[in-house]
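J.: For reference, the structure I am asking about is given below.
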Amino acid sequence: MKHWLTPEQSDWSWQRLVLLVAGVWALVLPARGWLGRAVFVGAVRQVRLAEALARRLLICRAAELGVAAVRRGPAPCGAARVRAGLGARRVCLALVDRLDLAGPCAAPGAGAGMAFEAPGWVSTAHLARRVAGLQALIAEPERYARLMARRLIGSTRAGRTSPLRPGAPPGLPADLHDLDGSALRLAHSGALAVLNAPP
């Protein structure tokens with residue numbers, strides 16, 4: 001079995017993901033549905049980073065699965081489809097990077113969907129669903145790796161083929177000494193190696 005990240009790198013990156021998601025949830029849970037604008041924007045940045053890191057770690061893990069293991073694994077259904085963003089209206093965790101980051105969890109002024117029901121306060125409903133999607137992935141990484149592997153195996157279909165957007169990953173911090181940013185850069189490098197590997 002080929003490892004696209006060393007076991008130590010993989011373990012460390014997954015640990016960073018767990019800590020990152022726990023940190024965001026610690027902000028969202030006590031907020032009772034509302035966060036101050038500045039805190040909300042910071043939480044959104046962390047969620048973008050966590051989602052980008054999760055996708056890239058899933059690509060690396062998916063590449064380590066054999067085709068037979070992917071095909072015999074359980075198919076996504078019900079809540080699993082919702083958590084994976086498959087055939088669901090309310091996506092918690094998309095398996096692909098968004099090309100346009102404007103939307104309900106975008107920073108203020110970045111696009112439509114930001115409703116400020118009270119001055120300076122923002123609803124955390126959509127953000128909480130995205131955090132819940134990340135928590136579901138952390139709880140069942142192998143299931144999500146199979147979902148990603150199925151997507152990669154079927155990526156010859158028409159339309160967008162790569163789960164990664166061009167350029168830098170979403171949410172990547174400019175600070176080279178940021179540990180979460182380092183984990184994202186490492187996972188991004190591994191994911192690109194997987195996607196660029198010869199068939």
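Chain identifiers are assigned as A, B, and so on, following the order in which chains appear in the structure tokens; residues are numbered from 1 within each chain, and ligands are numbered from 1 in order of appearance.
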Distance table requested - region 159-195 of chain A against region 139-149 of chain A, cut-off 12 Å, only C-alpha atoms: one row per qualifying residue with the closest atom pair and its distance in Å to one decimal, ordered by chain and rising residue number, as JSON lines.
T.:
```
{"residue": "A:Ser162", "atom": "CA", "partner": "A:Met148", "partner_atom": "CA", "distance": 11.0}
{"residue": "A:Pro163", "atom": "CA", "partner": "A:Met148", "partner_atom": "CA", "distance": 8.9}
{"residue": "A:Leu164", "atom": "CA", "partner": "A:Met148", "partner_atom": "CA", "distance": 11.9}
{"residue": "A:Ala191", "atom": "CA", "partner": "A:Met148", "partner_atom": "CA", "distance": 11.7}
{"residue": "A:Val194", "atom": "CA", "partner": "A:Ala149", "partner_atom": "CA", "distance": 11.1}
{"residue": "A:Leu195", "atom": "CA", "partner": "A:Ala149", "partner_atom": "CA", "distance": 11.3}
```
J.: So what do you get for CA of Arg185 (chain A) versus CA of Gln46 (chain A), distance-wise?
T.: 14.7 Å
J.: Please determine, counting only C-alpha atoms, which residue among A:Pro7, A:Gly181, A:Gly133, A:Gly120 has the shortest atom-to-atom distance to Leu95 (chain A).
T.: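 For Leu95 (chain A), the nearest of the candidates is A:Gly133.
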J.: Can you pull out every residue within 10 Å of Leu127 (chain A), counting only C-alpha atoms, but drop anything in the same chain fewer than 4 positions away, and send it as a list of chain:residue names?
T.: A:Val24, A:Trp25, A:Val28, A:Gly33, A:Phe40, A:Ala43, A:Val44, A:Val47, A:Cys92, A:Pro104, A:Cys105, A:Ser123, A:Val131, A:Ala132, A:Gly133
J.: Write out, as a CSV table (one decimal), in the first residue's frame, the residues just selected, with C-alpha atoms.
T.:
```csv
chain,number,residue,atom,x,y,z
A,24,VAL,CA,-14.9,26.2,16.3
A,25,TRP,CA,-17.6,24.2,18.0
A,28,VAL,CA,-20.7,28.0,18.2
A,33,GLY,CA,-27.7,30.6,17.6
A,40,PHE,CA,-18.5,34.9,13.3
A,43,ALA,CA,-15.2,31.2,12.9
A,44,VAL,CA,-16.0,31.1,9.2
A,47,VAL,CA,-14.4,26.3,9.1
A,92,CYS,CA,-23.0,20.1,5.6
A,104,PRO,CA,-24.3,32.1,3.7
A,105,CYS,CA,-20.9,31.5,5.4
A,123,SER,CA,-27.1,33.5,12.8
A,131,VAL,CA,-19.3,22.1,11.7
A,132,ALA,CA,-21.7,19.1,12.2
A,133,GLY,CA,-20.6,17.8,8.8
```
J.: Residues near Cys60 (chain A), anyone? I mean within 9 Å using only C-alpha atoms, not counting same-chain ones fewer than 6 positions away, as a VMD selection string.
T.: chain A and resid 3 to 5 10 145 187 190 to 191 193 to 194
J.: Separation of CA of Arg32 (chain A) and CA of Leu17 (chain A), in Å?
T.: 23.7 Å
